[in-house]
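Visitor: Please read through the structure below; I'll follow up with questions.
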Amino acid sequence: MKITLARHSGFCMGVRNALIRIVRELNSSREELYIYGPLIHNPQTIDVLNDRGLRTVTTIDDLAGKAVAIRTHGIPNDERLILRKCASRVINLTCPRVAKVQSIIKKHSSKRAHTVITGDRDHAEVKSLVSYAHHGATVISDIEETDSLPVADSYLVISQTTFDRDLFLAIAGRISESIDDFTVFATICDSTRLRQEDVVRGIFDGNDTLIVVGGKNSANTRRLAQIGRDRNILTFHIETEHELSIDDFRNAKNVLVTAGTSTPGWIINNVLDRLYTIDLGTRNLFLRSLIRFFEFAVRSNLISSAAAFFMTLTTLAYSGIPIDYTLPLISFLYIFSMYSINNLFEKKLLKFSNPFKYEIYRKYGSPLMALSIASMAASVLLAYHYNYATASLVAGACLLGIVYSSAPVKKLIRLLPFASLKSLYSSKTVTAFGWSIITVLVPM
């Protein structure tokens, strides 16, 4: 079974920027952060953000004096004005492309143009767009609805940014046949258009199965799935890899995987892992066992530990220090213990981001914790073989590694008023510092 990932899949620019900003706010802000409506249409990502402290609310009644973020889809203008007055701080995460459409509608409404919006009436973005059409708006989602447009001096024709491109062009074409004074703006964003084109091209190239990954409430994701169904190929719209079974792919030869603009990379990777596992089930026993062993070695941190071992050997070789395998062994034991302990602390997040590793720690958590503690103790004892200073350095690195992902430290960091310290804690710098200590500083 050939598995192909579409060229354009996963987060679009607007979603990516919004997530980066909201995570930075969560890391640096001392105040509780609220968002009015779901930030994006992906429940798994929302769950992760909620675990990190983001509070999602569906009404603006209780947001007085609160720090509030505006969702990527935008909100109705009257609600935006209310938030400006009552919230202590407003973080506008509206997608720039949606904001541009809002400004287009506002400009043409001031010229008494009636706004025609192609899209889903109940979608949050469409509701926000309608609020800027001060001279009236009509939302249509089907070409037949163009016959019921109200009489107006002029018309503005725009689209929900995640609408079907071909349908938008067809609707605009039908309007042009009966109306003279109208202006059309192609407001479907490139991310949506390119994903739709990828699916059409993939079907044309011979893919017989389509997997669309993303929220069931995501408009752009649903449309990707609809393209597959309209072209009569086997189509699955899923939110997680758990919705796929081996029976679904008995006759599949070429599988195309794509994802909506709100789907994070880790979910896409989990789906790909699941597909490779399904495909692996058809291979011979030796190959399956070999791949499974290598995958286990990677996910259980043995490969990372081996990398630390050889990095320390390289440090010794380039420093002219006589080769002593005790120091590389210290690095191996330290990296294994620190990664394993922190993975156990972060097991809840692994359930989403790395299901295979999560299963390892769910099944073997207690033995792995015992082995990690033993490895950590062994690394300190081996360091003591050299001198007290080396043992103290390794012991200090172990202590820092243990507390790094612990709940009390996370709570303390969140309460600190220093934004730069919070950013440092959330970055990869601390991990790199630990590697530098154990593979470079200790051997020297």
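A note on labels: chains of the structure tokens are A, B, ... as shown, every chain counts residues from 1, and ligands are counted from 1 in their shown order.
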Out of stretch 182-274 of chain A, which residues get strand (DSSP E or B) from DSSP, as a PyMOL selection string?

Guide: chain A and resi 182-184+209-213+234-238+254-259

Visitor: With a distance cut-off of 10 Å and only C-alpha atoms, select the neighbouring residues of stretch 332-349 of chain A, excluding the residue or stretch itself and same-chain residues fewer than 6 positions from it, and output the selection as a PyMOL selection string.

Guide: chain A and resi 48+51+299-312+326+355+357-359+361-362+365-366+368-380+394-395+397-407+431+434-435+438-439

Visitor: As a PyMOL selection string, which residues of stretch 182-240 of chain A does DSSP assign to alpha helix (DSSP H)?

Guide: chain A and resi 190-204+219-230

Visitor: With C-alpha atoms retained, export the selected residues as a PDB file, in the first residue's frame.

Guide:
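Output contents, as saved in selection-v6.pdb:
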```pdb
ATOM      1  CA  ASP A 190      -4.666  30.229  -0.741  1.00  0.00           C
ATOM      2  CA  SER A 191      -4.295  27.583   1.965  1.00  0.00           C
ATOM      3  CA  THR A 192      -7.850  26.393   1.335  1.00  0.00           C
ATOM      4  CA  ARG A 193      -7.500  26.550  -2.444  1.00  0.00           C
ATOM      5  CA  LEU A 194      -4.193  24.661  -2.502  1.00  0.00           C
ATOM      6  CA  ARG A 195      -5.532  21.885  -0.274  1.00  0.00           C
ATOM      7  CA  GLN A 196      -8.545  21.436  -2.518  1.00  0.00           C
ATOM      8  CA  GLU A 197      -6.324  21.362  -5.611  1.00  0.00           C
ATOM      9  CA  ASP A 198      -4.050  18.776  -3.958  1.00  0.00           C
ATOM     10  CA  VAL A 199      -6.995  16.435  -3.440  1.00  0.00           C
ATOM     11  CA  VAL A 200      -8.278  16.838  -6.994  1.00  0.00           C
ATOM     12  CA  ARG A 201      -4.779  16.266  -8.380  1.00  0.00           C
ATOM     13  CA  GLY A 202      -4.219  13.274  -6.107  1.00  0.00           C
ATOM     14  CA  ILE A 203      -7.421  11.617  -7.307  1.00  0.00           C
ATOM     15  CA  PHE A 204      -6.456  12.329 -10.923  1.00  0.00           C
ATOM     16  CA  ALA A 219     -15.734  23.676   7.304  1.00  0.00           C
ATOM     17  CA  ASN A 220     -12.586  23.483   5.173  1.00  0.00           C
ATOM     18  CA  THR A 221     -11.911  19.906   6.336  1.00  0.00           C
ATOM     19  CA  ARG A 222     -15.449  18.769   5.526  1.00  0.00           C
ATOM     20  CA  ARG A 223     -15.095  20.208   2.034  1.00  0.00           C
ATOM     21  CA  LEU A 224     -11.904  18.256   1.410  1.00  0.00           C
ATOM     22  CA  ALA A 225     -13.777  15.072   2.305  1.00  0.00           C
ATOM     23  CA  GLN A 226     -16.688  16.080   0.095  1.00  0.00           C
ATOM     24  CA  ILE A 227     -14.355  16.446  -2.892  1.00  0.00           C
ATOM     25  CA  GLY A 228     -13.372  12.793  -2.465  1.00  0.00           C
ATOM     26  CA  ARG A 229     -16.965  11.618  -2.111  1.00  0.00           C
ATOM     27  CA  ASP A 230     -18.090  13.642  -5.123  1.00  0.00           C
TER      28      ASP A 230
END
```

Visitor: For atom CA of A:Gln160 and atom CA of A:Ser110, determine how far apart the two atoms are, in Å to one decimal place.

Guide: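 Between these atoms lies a distance of 20.2 Å.
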
Visitor: Counting only C-alpha atoms, which residue out of A:Ile75, A:Ile188, A:Cys95, A:Leu280 sits closest to A:Ser262?

Guide: A:Cys95

Visitor: For atom CA of A:Cys189 and atom CA of A:Cys12, determine how far apart the two atoms are, in Å to one decimal place.

Guide: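 That distance, rounded to one decimal, is 9.5 Å.
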
Visitor: Please, what distance in Å, to one decimal, runs between atom CA of A:Pro367 and atom CA of A:Ile330?

Guide: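 That distance, rounded to one decimal, is 20.4 Å.
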
Visitor: Between A:Gly53, A:Gly37, A:Pro443, A:Gly281, which one has atoms that come closest to A:Ala69, using only C-alpha atoms?

Guide: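 Under the stated criterion, the closest residue is A:Gly37.
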
Visitor: Considering only C-alpha atoms, return as a ChimeraX atom specification whatever protein or nucleic-acid residues lie within 7 Å of A:His237, sequence-local ones (same chain, fewer than 4 positions apart) excluded.

Guide: /A:211-213,225

Visitor: Given the selection you just returned, output its residues as a file containing N, CA and C atoms, formatted as a short mmCIF file (atom, residue, chain, number, x, y, z; two decimals), in the first residue's frame.

Guide:
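Heads up, here's the output in again37.cif:
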```
data_model
loop_
_atom_site.label_atom_id
_atom_site.label_comp_id
_atom_site.auth_asym_id
_atom_site.auth_seq_id
_atom_site.Cartn_x
_atom_site.Cartn_y
_atom_site.Cartn_z
N ILE A 211 -7.90 10.02 2.88
CA ILE A 211 -8.08 10.23 4.31
C ILE A 211 -7.93 11.71 4.61
N VAL A 212 -8.97 12.30 5.15
CA VAL A 212 -8.96 13.72 5.50
C VAL A 212 -8.94 13.81 7.03
N VAL A 213 -7.92 14.47 7.55
CA VAL A 213 -7.72 14.54 9.00
C VAL A 213 -8.10 15.94 9.49
N ALA A 225 -13.17 16.40 2.34
CA ALA A 225 -13.78 15.07 2.31
C ALA A 225 -14.86 14.99 1.24
#
```

Visitor: So which one's closest to A:Gly65, A:Met444, A:Ala383, A:Ala87, A:Met13? Using only C-alpha atoms, please.

Guide: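 The answer is A:Ala87, which sits nearest to A:Gly65.
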
Visitor: Tell me which of A:Ile40, A:Val442, A:Leu149, A:Leu63 sits closest to A:Tyr388, counting only C-alpha atoms.

Guide: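 When distances to A:Tyr388 are compared using only C-alpha atoms, the smallest one comes from A:Val442.
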
Visitor: Give the answer as one residue: which of A:Asn42, A:Ile60, A:Val101, A:Ser178 has the shortest atom-to-atom distance to A:Ile238, using only C-alpha atoms?

Guide: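 Smallest separation from A:Ile238 among the options: A:Asn42.
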
Visitor: At a cut-off of 7 Å, using only C-alpha atoms, what residues contact stretch 131-143 of chain A? Leave out same-chain residues fewer than 2 positions from it and give the result as a list in words.

Guide: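 Residues meeting the cut-off are Pro76, Asn77, Gln102, Ile105, Lys106, Ser109, Arg112, Ala113, His114, Thr115, Val116, Ile117, Thr118, Gly119, Asp120, Arg121, Lys127, Ser128, Leu129, Glu145, Thr146, Ala170 and Ile171 of chain A.
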